[in-house]
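> As input, take data.txt (compact mmCIF, C-alpha atoms and all ligand atoms):
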```
# COMPACT_ATOMS: atom_id res chain seq x y z
CA MET A 1 9.34 -25.50 -16.38
CA ILE A 2 10.42 -23.40 -13.41
CA LYS A 3 7.48 -21.81 -11.65
CA GLY A 4 7.17 -18.82 -9.36
CA ILE A 5 6.94 -19.35 -5.60
CA LYS A 6 3.57 -20.03 -3.96
CA GLY A 7 2.04 -16.81 -2.64
CA VAL A 8 4.45 -14.68 -4.67
CA LYS A 9 2.69 -13.09 -7.62
CA ASP A 10 3.68 -11.67 -10.98
CA LEU A 11 1.99 -8.41 -11.87
CA LEU A 12 1.47 -8.65 -15.60
CA PRO A 13 1.20 -5.51 -17.76
CA GLU A 14 -2.63 -5.59 -17.73
CA LYS A 15 -2.51 -5.12 -13.95
CA THR A 16 0.28 -2.56 -13.57
CA PRO A 17 -1.77 0.52 -14.59
CA ARG A 18 -4.11 -0.16 -11.67
CA TRP A 19 -1.12 -0.45 -9.36
CA ARG A 20 0.43 2.72 -10.71
CA LEU A 21 -2.81 4.58 -10.10
CA ILE A 22 -2.80 3.39 -6.49
CA GLU A 23 0.87 4.24 -5.98
CA GLU A 24 0.53 7.66 -7.60
CA THR A 25 -2.54 8.47 -5.52
CA ALA A 26 -0.67 7.44 -2.38
CA ARG A 27 2.38 9.52 -3.34
CA LYS A 28 0.25 12.54 -4.20
CA TRP A 29 -1.61 12.62 -0.89
CA ALA A 30 1.42 11.72 1.22
CA THR A 31 3.43 14.54 -0.35
CA GLY A 32 0.48 16.89 0.07
CA TYR A 33 0.45 16.08 3.78
CA GLY A 34 4.16 16.84 4.08
CA PHE A 35 5.47 13.26 4.13
CA GLN A 36 8.72 12.55 2.29
CA GLU A 37 9.61 9.28 0.67
CA ILE A 38 12.03 6.97 2.44
CA ARG A 39 13.49 3.86 0.83
CA ILE A 40 14.62 1.33 3.34
CA PRO A 41 16.21 -2.08 2.77
CA ILE A 42 14.25 -5.24 2.07
CA PHE A 43 16.27 -7.17 4.64
CA GLU A 44 17.57 -6.35 8.07
CA VAL A 45 19.07 -8.22 11.03
CA THR A 46 16.44 -10.47 12.57
CA THR A 47 16.66 -8.93 16.05
CA LEU A 48 15.33 -5.63 14.67
CA PHE A 49 11.97 -7.23 13.87
CA ALA A 50 11.90 -9.58 16.84
CA ARG A 51 12.51 -6.72 19.25
CA SER A 52 10.11 -4.21 17.69
CA ILE A 53 7.15 -6.29 16.53
CA GLY A 54 7.18 -8.42 19.66
CA ALA A 55 8.09 -12.05 20.33
CA SER A 56 4.58 -13.42 20.78
CA THR A 57 2.97 -11.99 17.67
CA ASP A 58 1.88 -13.92 14.58
CA ILE A 59 4.58 -12.25 12.53
CA VAL A 60 7.52 -13.10 14.74
CA GLU A 61 6.23 -16.48 15.89
CA LYS A 62 5.56 -17.97 12.49
CA GLU A 63 5.58 -15.61 9.55
CA MET A 64 9.12 -14.29 9.13
CA TYR A 65 11.42 -15.25 6.28
CA THR A 66 14.60 -15.67 8.25
CA PHE A 67 17.88 -16.98 6.89
CA GLN A 68 21.55 -17.10 7.77
CA ASP A 69 23.98 -14.85 6.00
CA ARG A 70 27.29 -16.40 4.94
CA ASP A 71 28.94 -15.21 8.14
CA GLY A 72 26.20 -16.73 10.28
CA THR A 73 24.30 -13.49 11.00
CA SER A 74 20.55 -14.05 11.15
CA LEU A 75 18.76 -11.86 8.59
CA THR A 76 15.05 -11.45 7.85
CA LEU A 77 13.12 -10.21 4.84
CA ARG A 78 11.10 -7.29 6.17
CA PRO A 79 7.55 -8.31 7.20
CA GLU A 80 6.56 -4.66 7.63
CA GLY A 81 8.09 -1.22 7.22
CA THR A 82 7.99 0.47 10.61
CA ALA A 83 10.95 -1.36 12.14
CA GLY A 84 13.26 -0.41 9.27
CA ALA A 85 12.05 3.19 9.23
CA VAL A 86 12.70 3.49 12.97
CA ARG A 87 16.14 1.93 12.61
CA ALA A 88 17.00 4.42 9.85
CA TYR A 89 15.63 7.31 11.94
CA ILE A 90 17.89 6.34 14.83
CA GLU A 91 20.95 5.41 12.77
CA HIS A 92 20.95 8.71 10.87
CA ASN A 93 20.23 10.75 14.00
CA ARG A 94 17.12 12.27 12.46
CA ALA A 95 15.95 13.32 15.92
CA ALA A 96 18.52 16.14 15.68
CA ASP A 97 16.70 17.62 12.70
CA PRO A 98 14.50 20.48 13.94
CA VAL A 99 11.59 19.74 11.58
CA PRO A 100 9.17 16.86 12.15
CA GLN A 101 10.37 13.72 10.41
CA LYS A 102 7.46 12.45 8.35
CA TYR A 103 8.23 9.58 5.99
CA PHE A 104 6.27 7.45 3.58
CA TYR A 105 7.28 4.26 1.82
CA LEU A 106 5.97 1.92 -0.84
CA GLY A 107 7.32 -1.55 -1.39
CA PRO A 108 7.24 -5.29 -0.90
CA MET A 109 6.90 -7.06 2.46
CA PHE A 110 7.32 -10.76 3.17
CA ARG A 111 5.36 -13.04 5.48
CA HIS A 112 5.08 -16.79 5.43
CA GLU A 113 1.29 -17.09 5.59
CA ARG A 114 -1.19 -19.42 3.95
CA PRO A 115 -1.69 -17.83 0.53
CA GLN A 116 -5.25 -16.93 -0.46
CA ALA A 117 -7.04 -14.01 -2.08
CA GLY A 118 -5.64 -10.85 -0.50
CA ARG A 119 -3.07 -12.78 1.54
CA LEU A 120 0.29 -13.37 -0.08
CA ARG A 121 3.83 -14.19 0.95
CA GLN A 122 5.27 -11.28 -0.95
CA PHE A 123 2.81 -8.41 -0.72
CA HIS A 124 3.12 -4.64 -0.92
CA GLN A 125 2.41 -1.84 1.46
CA PHE A 126 2.11 1.90 1.40
CA GLY A 127 2.95 3.21 4.83
CA VAL A 128 3.75 6.40 6.67
CA GLU A 129 5.62 7.15 9.89
CA SER A 130 5.41 10.49 11.65
CA PHE A 131 8.20 10.99 14.22
CA GLY A 132 8.54 13.58 16.93
CA MET A 133 5.03 14.87 17.54
CA ALA A 134 3.17 13.85 20.67
CA ASP A 135 0.16 16.01 19.81
CA PRO A 136 -3.08 14.11 19.06
CA ARG A 137 -3.27 16.10 15.84
CA ALA A 138 -0.34 14.04 14.54
CA ASP A 139 -2.57 10.97 14.90
CA VAL A 140 -5.41 12.74 13.14
CA GLU A 141 -3.09 13.85 10.36
CA VAL A 142 -2.06 10.29 9.46
CA ILE A 143 -5.62 8.99 9.77
CA ALA A 144 -6.89 11.77 7.50
CA LEU A 145 -4.16 11.00 4.98
CA LEU A 146 -5.10 7.32 4.94
CA TRP A 147 -8.78 8.14 4.63
CA HIS A 148 -8.23 10.51 1.71
CA VAL A 149 -6.06 8.06 -0.22
CA LEU A 150 -8.70 5.35 0.09
CA SER A 151 -11.58 7.73 -0.69
CA ASP A 152 -9.79 9.29 -3.66
CA LEU A 153 -9.49 5.79 -5.14
CA ALA A 154 -13.23 5.34 -4.53
CA LEU A 155 -12.67 2.07 -2.67
CA PRO A 156 -16.09 0.80 -1.61
CA GLY A 157 -17.57 -0.13 1.77
CA LEU A 158 -14.91 1.40 4.01
CA THR A 159 -15.15 1.88 7.77
CA LEU A 160 -12.49 3.43 9.95
CA GLU A 161 -12.40 1.67 13.31
CA ILE A 162 -10.53 3.25 16.16
CA ASN A 163 -9.62 2.34 19.72
CA ASN A 164 -7.64 3.66 22.63
CA LEU A 165 -4.92 1.30 23.86
CA GLY A 166 -3.86 3.72 26.57
CA TYR A 167 -0.41 3.89 28.10
CA ALA A 168 1.74 0.86 28.91
CA SER A 169 0.83 1.32 32.57
CA ASP A 170 -2.89 1.23 31.69
CA ARG A 171 -2.44 -2.03 29.83
CA GLU A 172 -0.39 -3.45 32.71
CA ALA A 173 -3.24 -2.69 35.09
CA TYR A 174 -5.73 -4.30 32.73
CA ARG A 175 -3.76 -7.44 31.83
CA PRO A 176 -4.33 -9.42 35.05
CA GLN A 177 -8.09 -8.79 34.90
CA LEU A 178 -8.24 -9.92 31.31
CA MET A 179 -6.01 -12.94 31.97
CA GLU A 180 -8.21 -14.05 34.81
CA TYR A 181 -11.29 -13.78 32.62
CA LEU A 182 -9.60 -15.60 29.72
CA ARG A 183 -8.43 -18.46 31.94
CA ARG A 184 -12.03 -19.08 32.90
CA GLN A 185 -13.01 -19.12 29.22
CA ALA A 186 -9.97 -21.12 28.05
CA GLY A 187 -12.04 -24.13 27.01
CA ALA A 188 -13.93 -22.07 24.46
CA LEU A 189 -10.86 -20.47 22.88
CA CYS A 190 -8.89 -21.59 19.83
CA GLY A 191 -5.45 -23.12 20.37
CA ASN A 192 -3.71 -19.96 19.34
CA CYS A 193 -5.63 -17.88 21.85
CA ARG A 194 -5.14 -20.41 24.65
CA ARG A 195 -1.41 -20.07 24.19
CA ARG A 196 -1.73 -16.30 24.20
CA ILE A 197 -3.57 -16.03 27.51
CA ASP A 198 -0.28 -15.67 29.35
CA ALA A 199 1.99 -14.32 26.63
CA ASN A 200 -0.17 -11.74 24.86
CA PRO A 201 -3.72 -11.73 26.28
CA LEU A 202 -4.82 -8.51 24.58
CA ARG A 203 -4.42 -10.13 21.20
CA VAL A 204 -7.06 -12.70 22.13
CA LEU A 205 -9.64 -9.92 21.93
CA ASP A 206 -9.21 -9.39 18.21
CA CYS A 207 -8.95 -13.04 17.21
CA LYS A 208 -11.21 -13.54 14.19
CA VAL A 209 -12.38 -17.06 15.15
CA PRO A 210 -16.15 -16.79 15.88
CA ASP A 211 -16.02 -18.97 19.03
CA CYS A 212 -13.26 -16.79 20.44
CA ARG A 213 -15.31 -13.70 19.71
CA THR A 214 -18.32 -15.12 21.55
CA ALA A 215 -16.18 -16.24 24.47
CA THR A 216 -14.64 -12.78 24.87
CA GLU A 217 -17.85 -10.82 24.41
CA ALA A 218 -18.26 -10.24 28.16
CA ALA A 219 -14.55 -9.74 28.89
CA PRO A 220 -13.54 -6.75 31.01
CA ARG A 221 -12.81 -3.77 28.80
CA LEU A 222 -9.53 -1.95 28.51
CA ALA A 223 -11.57 1.25 28.22
CA ASP A 224 -12.56 0.88 31.87
CA SER A 225 -8.90 0.70 32.99
CA LEU A 226 -7.65 3.74 31.14
CA SER A 227 -6.00 6.61 32.96
CA GLU A 228 -7.39 10.13 32.81
CA LYS A 229 -4.44 11.20 30.66
CA ALA A 230 -5.09 8.49 28.08
CA ARG A 231 -8.78 9.35 27.97
CA THR A 232 -8.06 13.02 27.44
CA PHE A 233 -5.63 12.27 24.64
CA PHE A 234 -8.08 10.04 22.83
CA ALA A 235 -10.96 12.48 23.30
CA GLU A 236 -8.85 15.05 21.47
CA VAL A 237 -8.16 12.65 18.62
CA LEU A 238 -11.87 12.02 18.21
CA ALA A 239 -12.75 15.72 18.50
CA ASP A 240 -10.21 16.59 15.80
CA LEU A 241 -11.49 13.81 13.53
CA ASP A 242 -14.98 15.25 14.00
CA ALA A 243 -13.70 18.75 13.30
CA ILE A 244 -12.31 17.78 9.90
CA GLY A 245 -15.15 15.44 9.02
CA ILE A 246 -13.40 12.04 9.05
CA PRO A 247 -16.01 9.40 9.96
CA TYR A 248 -15.06 6.62 12.41
CA CYS A 249 -16.52 3.82 14.53
CA LEU A 250 -15.23 3.01 17.99
CA ASN A 251 -14.17 -0.64 18.34
CA HIS A 252 -13.09 -1.48 21.86
CA ARG A 253 -11.75 -4.90 20.74
CA LEU A 254 -9.30 -3.55 18.20
CA MET A 255 -5.85 -4.49 19.53
CA ARG A 256 -3.63 -4.96 16.46
CA GLY A 257 -1.06 -7.65 15.86
CA LEU A 258 2.08 -5.75 16.74
CA ASP A 259 3.25 -5.05 20.26
CA TYR A 260 4.49 -1.52 19.79
CA TYR A 261 1.17 0.31 19.67
CA GLY A 262 -0.28 2.45 22.46
CA LEU A 263 -2.99 5.13 22.72
CA THR A 264 -4.59 5.59 19.30
CA THR A 265 -4.95 2.45 17.23
CA PHE A 266 -7.02 2.17 14.06
CA GLU A 267 -7.89 -0.07 11.18
CA VAL A 268 -9.80 0.53 7.98
CA ILE A 269 -12.00 -2.42 7.12
CA THR A 270 -14.23 -3.09 4.14
CA THR A 271 -17.28 -5.16 3.42
CA ASN A 272 -15.87 -5.94 -0.03
CA LEU A 273 -12.99 -8.30 0.59
CA GLY A 274 -14.56 -11.35 2.25
CA ALA A 275 -12.45 -12.87 5.00
CA GLN A 276 -9.51 -10.49 4.48
CA ASN A 277 -11.49 -7.46 5.52
CA ALA A 278 -8.60 -5.26 6.71
CA VAL A 279 -7.34 -2.75 4.18
CA GLY A 280 -4.89 -0.91 6.36
CA ALA A 281 -4.06 -0.21 9.95
CA GLY A 282 -1.87 1.78 12.23
CA GLY A 283 -1.54 3.69 15.43
CA ARG A 284 0.69 5.48 17.87
CA TYR A 285 3.93 3.83 18.97
CA ASP A 286 5.64 6.25 21.31
CA GLY A 287 7.88 3.64 22.93
CA LEU A 288 9.41 2.02 19.87
CA VAL A 289 12.23 4.43 19.02
CA ALA A 290 13.58 4.20 22.57
CA THR A 291 13.11 0.40 22.64
CA LEU A 292 15.38 0.19 19.61
CA GLY A 293 18.04 2.36 21.24
CA GLY A 294 17.06 5.84 20.07
CA PRO A 295 16.03 8.90 22.06
CA PRO A 296 12.46 8.91 23.46
CA THR A 297 10.41 9.89 20.41
CA PRO A 298 6.65 10.00 19.99
CA ALA A 299 5.54 8.44 16.70
CA VAL A 300 2.45 7.44 14.81
CA GLY A 301 1.92 5.71 11.46
CA PHE A 302 -0.05 3.27 9.35
CA ALA A 303 0.38 0.71 6.58
CA VAL A 304 -2.10 -0.32 3.89
CA GLY A 305 -1.96 -3.35 1.63
CA LEU A 306 -1.72 -2.56 -2.07
CA GLU A 307 -3.03 -5.99 -3.15
CA ARG A 308 -6.21 -5.43 -1.19
CA MET A 309 -6.55 -1.91 -2.56
CA ALA A 310 -6.03 -3.21 -6.10
CA MET A 311 -8.72 -5.86 -5.58
CA MET A 312 -11.20 -3.22 -4.47
CA LEU A 313 -10.39 -0.59 -7.06
CA PRO A 314 -13.56 0.03 -9.08
CA GLU A 315 -13.44 -0.63 -12.82
CA THR A 316 -14.46 2.99 -13.47
CA ALA A 317 -11.22 4.18 -11.88
CA VAL A 318 -9.25 1.76 -14.02
CA ALA A 319 -11.09 2.80 -17.19
CA SER A 320 -9.96 6.40 -16.71
CA ILE A 321 -6.29 5.41 -16.94
CA PRO A 322 -4.91 6.57 -20.34
CA ARG A 323 -4.31 3.83 -22.88
CA VAL A 324 -0.88 2.63 -23.90
CA ALA A 325 0.08 4.96 -26.73
CA ALA A 326 -1.20 7.98 -28.60
CA VAL A 327 0.08 7.16 -32.06
CA TYR A 328 0.64 3.92 -33.93
CA VAL A 329 3.02 4.34 -36.84
CA ALA A 330 2.01 2.12 -39.76
CA GLY A 331 5.02 2.12 -42.09
CA PHE A 332 4.78 -0.40 -44.91
CA GLY A 333 6.30 -0.98 -48.32
CA GLU A 334 10.00 -0.54 -48.97
CA ARG A 335 10.33 3.20 -48.48
CA GLY A 336 7.26 3.54 -46.30
CA SER A 337 8.62 1.24 -43.60
CA ALA A 338 11.96 3.11 -43.54
CA VAL A 339 10.34 6.59 -43.40
CA GLY A 340 7.82 5.24 -40.87
CA PHE A 341 10.63 4.08 -38.63
CA SER A 342 12.22 7.54 -38.68
CA ALA A 343 8.82 9.12 -38.00
CA LEU A 344 8.36 6.81 -35.02
CA GLU A 345 11.64 7.97 -33.55
CA GLU A 346 10.87 11.64 -34.26
CA LEU A 347 7.54 11.42 -32.45
CA ARG A 348 9.09 9.72 -29.44
CA VAL A 349 11.84 12.34 -29.20
CA ALA A 350 9.14 15.02 -29.40
CA GLY A 351 7.52 13.45 -26.33
CA VAL A 352 4.67 11.63 -28.06
CA GLN A 353 3.92 8.08 -26.93
CA ALA A 354 4.35 6.22 -30.21
CA VAL A 355 4.47 2.51 -31.07
CA SER A 356 4.63 0.18 -34.02
CA ASP A 357 4.74 -3.57 -34.65
CA PHE A 358 7.70 -4.40 -36.84
CA ARG A 359 6.17 -7.74 -37.80
CA SER A 360 3.33 -6.13 -39.71
CA GLY A 361 3.93 -5.81 -43.45
CA THR A 362 0.56 -4.55 -44.70
CA LEU A 363 -1.65 -1.61 -43.81
CA LYS A 364 -4.42 -3.96 -42.73
CA ALA A 365 -2.14 -5.82 -40.33
CA HIS A 366 -0.84 -2.53 -38.93
CA LEU A 367 -4.32 -1.10 -38.32
CA ARG A 368 -5.39 -4.27 -36.56
CA GLN A 369 -2.45 -3.90 -34.17
CA ALA A 370 -3.21 -0.19 -33.68
CA ASP A 371 -6.71 -1.22 -32.60
CA ARG A 372 -5.49 -3.97 -30.30
CA LEU A 373 -2.99 -1.64 -28.67
CA GLY A 374 -5.70 0.94 -28.05
CA CYS A 375 -3.90 3.72 -29.92
CA ARG A 376 -5.81 6.94 -30.48
CA PHE A 377 -4.23 7.64 -33.87
CA ALA A 378 -2.48 5.75 -36.63
CA LEU A 379 0.07 7.49 -38.83
CA ILE A 380 -0.06 5.75 -42.20
CA VAL A 381 3.15 5.87 -44.25
CA GLY A 382 3.22 3.68 -47.37
CA ASP A 383 5.35 4.14 -50.48
CA ASP A 384 2.64 6.40 -52.02
CA GLU A 385 2.67 8.68 -48.97
CA VAL A 386 6.46 8.90 -49.11
CA ALA A 387 6.25 9.89 -52.80
CA LYS A 388 3.79 12.70 -51.94
CA GLY A 389 5.69 13.74 -48.84
CA THR A 390 2.55 13.50 -46.64
CA GLY A 391 1.48 10.79 -44.26
CA VAL A 392 -2.14 10.09 -43.32
CA LEU A 393 -3.16 10.58 -39.69
CA ARG A 394 -6.19 8.48 -38.86
CA ASN A 395 -8.29 8.91 -35.74
CA MET A 396 -8.82 5.30 -34.71
CA GLU A 397 -12.10 6.02 -33.00
CA THR A 398 -13.87 8.35 -35.45
CA LYS A 399 -11.98 7.03 -38.53
CA VAL A 400 -11.55 10.66 -39.64
CA GLN A 401 -8.28 11.11 -41.57
CA CYS A 402 -6.12 14.08 -42.48
CA ASP A 403 -2.80 14.59 -44.26
CA VAL A 404 0.34 15.54 -42.33
CA VAL A 405 3.55 16.78 -43.91
CA LEU A 406 6.25 14.22 -43.22
CA SER A 407 9.16 16.67 -43.29
CA SER A 408 7.83 18.56 -40.27
CA LEU A 409 5.92 15.80 -38.65
CA SER A 410 5.90 16.67 -34.96
CA LEU A 411 5.05 20.30 -35.78
CA HIS A 412 1.92 19.07 -37.53
CA ILE A 413 0.94 16.25 -35.22
CA LEU A 414 1.44 17.82 -31.79
CA PRO A 415 -1.40 20.38 -32.14
CA ILE A 416 -3.77 17.67 -33.38
CA LEU A 417 -2.90 15.38 -30.46
CA ARG A 418 -3.34 18.21 -27.97
CA GLY A 419 -6.65 19.20 -29.51
CA SER A 420 -8.13 15.72 -29.32
P1 LIG B 1 -4.51 -9.28 8.73
O1 LIG B 1 -5.42 -9.08 9.88
O2 LIG B 1 -5.23 -9.25 7.43
O3 LIG B 1 -3.58 -10.44 8.90
P2 LIG B 1 -2.38 -7.63 9.72
O4 LIG B 1 -2.92 -7.09 10.98
O5 LIG B 1 -1.42 -8.75 9.77
O6 LIG B 1 -3.58 -7.98 8.71
P3 LIG B 1 -0.73 -5.33 9.20
O7 LIG B 1 0.50 -5.95 9.68
O8 LIG B 1 -1.36 -4.29 10.01
O9 LIG B 1 -1.79 -6.46 8.84
O10 LIG B 1 -0.53 -4.77 7.71
C1 LIG B 1 -1.32 -3.72 7.19
C2 LIG B 1 -2.00 -4.15 5.92
O11 LIG B 1 -1.13 -4.87 5.08
C3 LIG B 1 -3.18 -5.09 6.11
O12 LIG B 1 -4.33 -4.38 6.47
C4 LIG B 1 -3.29 -5.70 4.74
O13 LIG B 1 -3.97 -4.84 3.83
C5 LIG B 1 -1.86 -5.81 4.31
N1 LIG B 1 -1.37 -7.17 4.53
C6 LIG B 1 -0.89 -7.72 5.67
N2 LIG B 1 -0.50 -8.98 5.48
C7 LIG B 1 -0.72 -9.25 4.16
C8 LIG B 1 -0.52 -10.39 3.32
N3 LIG B 1 0.03 -11.50 3.79
N4 LIG B 1 -0.89 -10.31 2.01
C9 LIG B 1 -1.43 -9.17 1.52
N5 LIG B 1 -1.64 -8.06 2.26
C10 LIG B 1 -1.29 -8.10 3.57
MG MG B 2 -1.62 -10.83 9.59
```
Could the structure of this file be written out as structure tokens, please?


Amino acid sequence: MIKGIKGVKDLLPEKTPRWRLIEETARKWATGYGFQEIRIPIFEVTTLFARSIGASTDIVEKEMYTFQDRDGTSLTLRPEGTAGAVRAYIEHNRAADPVPQKYFYLGPMFRHERPQAGRLRQFHQFGVESFGMADPRADVEVIALLWHVLSDLALPGLTLEINNLGYASDREAYRPQLMEYLRRQAGALCGNCRRRIDANPLRVLDCKVPDCRTATEAAPRLADSLSEKARTFFAEVLADLDAIGIPYCLNHRLMRGLDYYGLTTFEVITTNLGAQNAVGAGGRYDGLVATLGGPPTPAVGFAVGLERMAMMLPETAVASIPRVAAVYVAGFGERGSAVGFSALEELRVAGVQAVSDFRSGTLKAHLRQADRLGCRFALIVGDDEVAKGTGVLRNMETKVQCDVVLSSLSLHILPILRGS
């Protein structure tokens, strides 16, 4: 037997309604906030990711699915969506469009990580990218969108954490102080963090290893090295979040795993997912478009993990999703099964969700399947019904039955379905 790949999951039909609810909620809010869907490729040239995400990040160091194309070009399955969206923005000269370019995407991402609950090798993200607006309100707009999607789905135990990463020059001024501190603490840090002291010291601050957290507790804070301009910007973000009632917690250690962020950075965490407590994250990345060869373009965005959202989705939300089909057509007997089959087609063409199980030969077997499939009604068409010209419409819940004229079936059934 050939099996699926480790960390790459099938979503069986029992699970897809929950995913559709999440995707539809995301689409609804994103569209409502003026974001338009973008569909970008699943694979790109490797340098796109290496250059944008940053060489000494977890993703680029050890998580990318990279392979050689037949002509030797190095390609990579996308580990995140921002790099591709930025490439598309530049390649199609979207900067020339006078309206703000606000995109959202939904789709699979690939990272070679150790698979566990909420951490897969093929996982899915909903993300948005807002290009062209340097105003702090653009940050607040994406944060509000994220917050509303998660709240609309009633995901439990959420906290929005936010931090100010300042400008590149602020981080440059801070780096040597932090490096000096970290070198003194090196003995207490995990191997990963020790390596990062020189390459990417800021990342050490949001390492999840408890010893690393203790060792960095007294580290100098980036907040103390921020320029006046960065402070003013962030104060406006917070004031606007307050103004529209989005709750947040300041977390001065929040650094994020990708190099392109500056100024506002945020993460939504939950108490309901165990070790994988991050639901989604994002921030401002004003330098990235220019780094990838485009015109200087302010930008801000986020990405959330659909697997983690699906894990947290309360059963009550799932229960409200409509069942599979409205009507089960139970055609049996010689003429009954033939007339039933035509009725099935007629209902479907009329826009009614209708099903049947062609293996069932008796009324009893049909009704059992109607129950199992969660149908609201069964349309019973046996040879007797055909002779009379009326089928029997049975409400599967109340068991109440009524006759419906077979020659004008949809005319009779549609009002009953609407009324129920
Ligand atoms: P983590 O700290 O959990 O590793 P991250 O910082 O690597 O997350 P991002 O790159 O910011 O995550 O991606 C945003 C979201 O995508 C995460 O908050 C999470 O919900 C989801 N995500 C990231 N990696 C995975 C994965 N391997 N499997 C499932 N979901 C993931
Ligand atoms: Mg990660």

> Kindly provide, as a list in words, all nucleotide and amino acid residues lying within 7 Å of ligand LIG 1 (chain B), counting all atoms listed in the file.

Glu80, Arg111, Glu113, Gly118, Arg119, Leu120, Arg121, Gln122, Phe123, His124, Gln125, Arg256, Gly257, Gln276, Asn277, Ala278, Val279, Gly280, Ala281, Gly282, Ala303, Val304, Gly305, Leu306, Glu307 and Arg308 of chain A

> How far is it from CA of Ser225 in chain A to CA of Val289 in chain A, in Å with one decimal?

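Separation of CA of Ser225 in chain A and CA of Val289 in chain A: 25.6 Å.
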
> Can you tell me which residues surround range 160-172 of chain A at a distance of at most 6 Å, considering all atoms listed in the file, apart from same-chain residues fewer than 4 positions away, and format the answer as a tab-separated table (two decimals) with C-alpha atoms, keeping the file's coordinate frame?


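The file below, out-v3.tsv, is the result:
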```
chain	number	residue	atom	x	y	z
A	226	LEU	CA	-7.65	3.74	31.14
A	230	ALA	CA	-5.09	8.49	28.08
A	248	TYR	CA	-15.06	6.62	12.41
A	249	CYS	CA	-16.52	3.82	14.53
A	250	LEU	CA	-15.23	3.01	17.99
A	251	ASN	CA	-14.17	-0.64	18.34
A	252	HIS	CA	-13.09	-1.48	21.86
A	262	GLY	CA	-0.28	2.45	22.46
A	263	LEU	CA	-2.99	5.13	22.72
A	264	THR	CA	-4.59	5.59	19.30
A	265	THR	CA	-4.95	2.45	17.23
A	266	PHE	CA	-7.02	2.17	14.06
A	267	GLU	CA	-7.89	-0.07	11.18
A	268	VAL	CA	-9.80	0.53	7.98
```

> Might you pull out every residue within 10 Å of Asn192 in chain A, with only C-alpha atoms counted and same-chain residues fewer than 5 positions away left off, and present them as a short mmCIF file (atom, residue, chain, number, x, y, z; two decimals) with C-alpha atoms, keeping the file's coordinate frame?


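Result written to out-v3.cif:
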```cif
data_model
loop_
_atom_site.label_atom_id
_atom_site.label_comp_id
_atom_site.auth_asym_id
_atom_site.auth_seq_id
_atom_site.Cartn_x
_atom_site.Cartn_y
_atom_site.Cartn_z
CA ASP A 58 1.88 -13.92 14.58
CA ILE A 197 -3.57 -16.03 27.51
CA VAL A 204 -7.06 -12.70 22.13
CA CYS A 207 -8.95 -13.04 17.21
#
```

> For a cutoff of 12 Å around the file-coordinate point (17.6, 4.4, 8.8), which residues qualify once you count all atoms listed in the file? I'd like the result as a PyMOL selection string.

chain A and resi 38-41+44+48+81-95+101+103+289+292+294

> For ligand MG 2 (chain B), which residue among A:Ile2, A:Leu145, A:Met396, A:Met109 is the nearest when counting only C-alpha atoms and all ligand atoms?

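Using only C-alpha atoms and all ligand atoms, the shortest distance to ligand MG 2 (chain B) belongs to A:Met109.
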
> As an exercise, work out the distance from CA of Val352 in chain A to CA of Ala326 in chain A in Å and give it to one decimal place.

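For CA of Val352 in chain A relative to CA of Ala326 in chain A, the distance reads 6.9 Å.
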
> Which polymer residues have any atom within 7 Å of an atom of Met179 in chain A, counting only C-alpha atoms, with same-chain residues fewer than 3 positions away left out, as a PDB file with C-alpha atoms, in the coordinates of the input?


```pdb
ATOM      1  CA  ARG A 175      -3.760  -7.440  31.830  1.00  0.00           C
ATOM      2  CA  PRO A 176      -4.330  -9.420  35.050  1.00  0.00           C
ATOM      3  CA  LEU A 182      -9.600 -15.600  29.720  1.00  0.00           C
ATOM      4  CA  ARG A 183      -8.430 -18.460  31.940  1.00  0.00           C
ATOM      5  CA  ILE A 197      -3.570 -16.030  27.510  1.00  0.00           C
ATOM      6  CA  ASP A 198      -0.280 -15.670  29.350  1.00  0.00           C
ATOM      7  CA  PRO A 201      -3.720 -11.730  26.280  1.00  0.00           C
TER       8      PRO A 201
END
```

> Please provide as a tab-separated table (two decimals) with C-alpha atoms, in the frame of the given file all residues within 7 Å of Arg253 in chain A, with the sequence filter that same-chain residues fewer than 2 positions apart are discarded (counting all atoms listed in the file).


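File around33.tsv, as written:
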```tsv
chain	number	residue	atom	x	y	z
A	205	LEU	CA	-9.64	-9.92	21.93
A	206	ASP	CA	-9.21	-9.39	18.21
A	251	ASN	CA	-14.17	-0.64	18.34
A	255	MET	CA	-5.85	-4.49	19.53
```
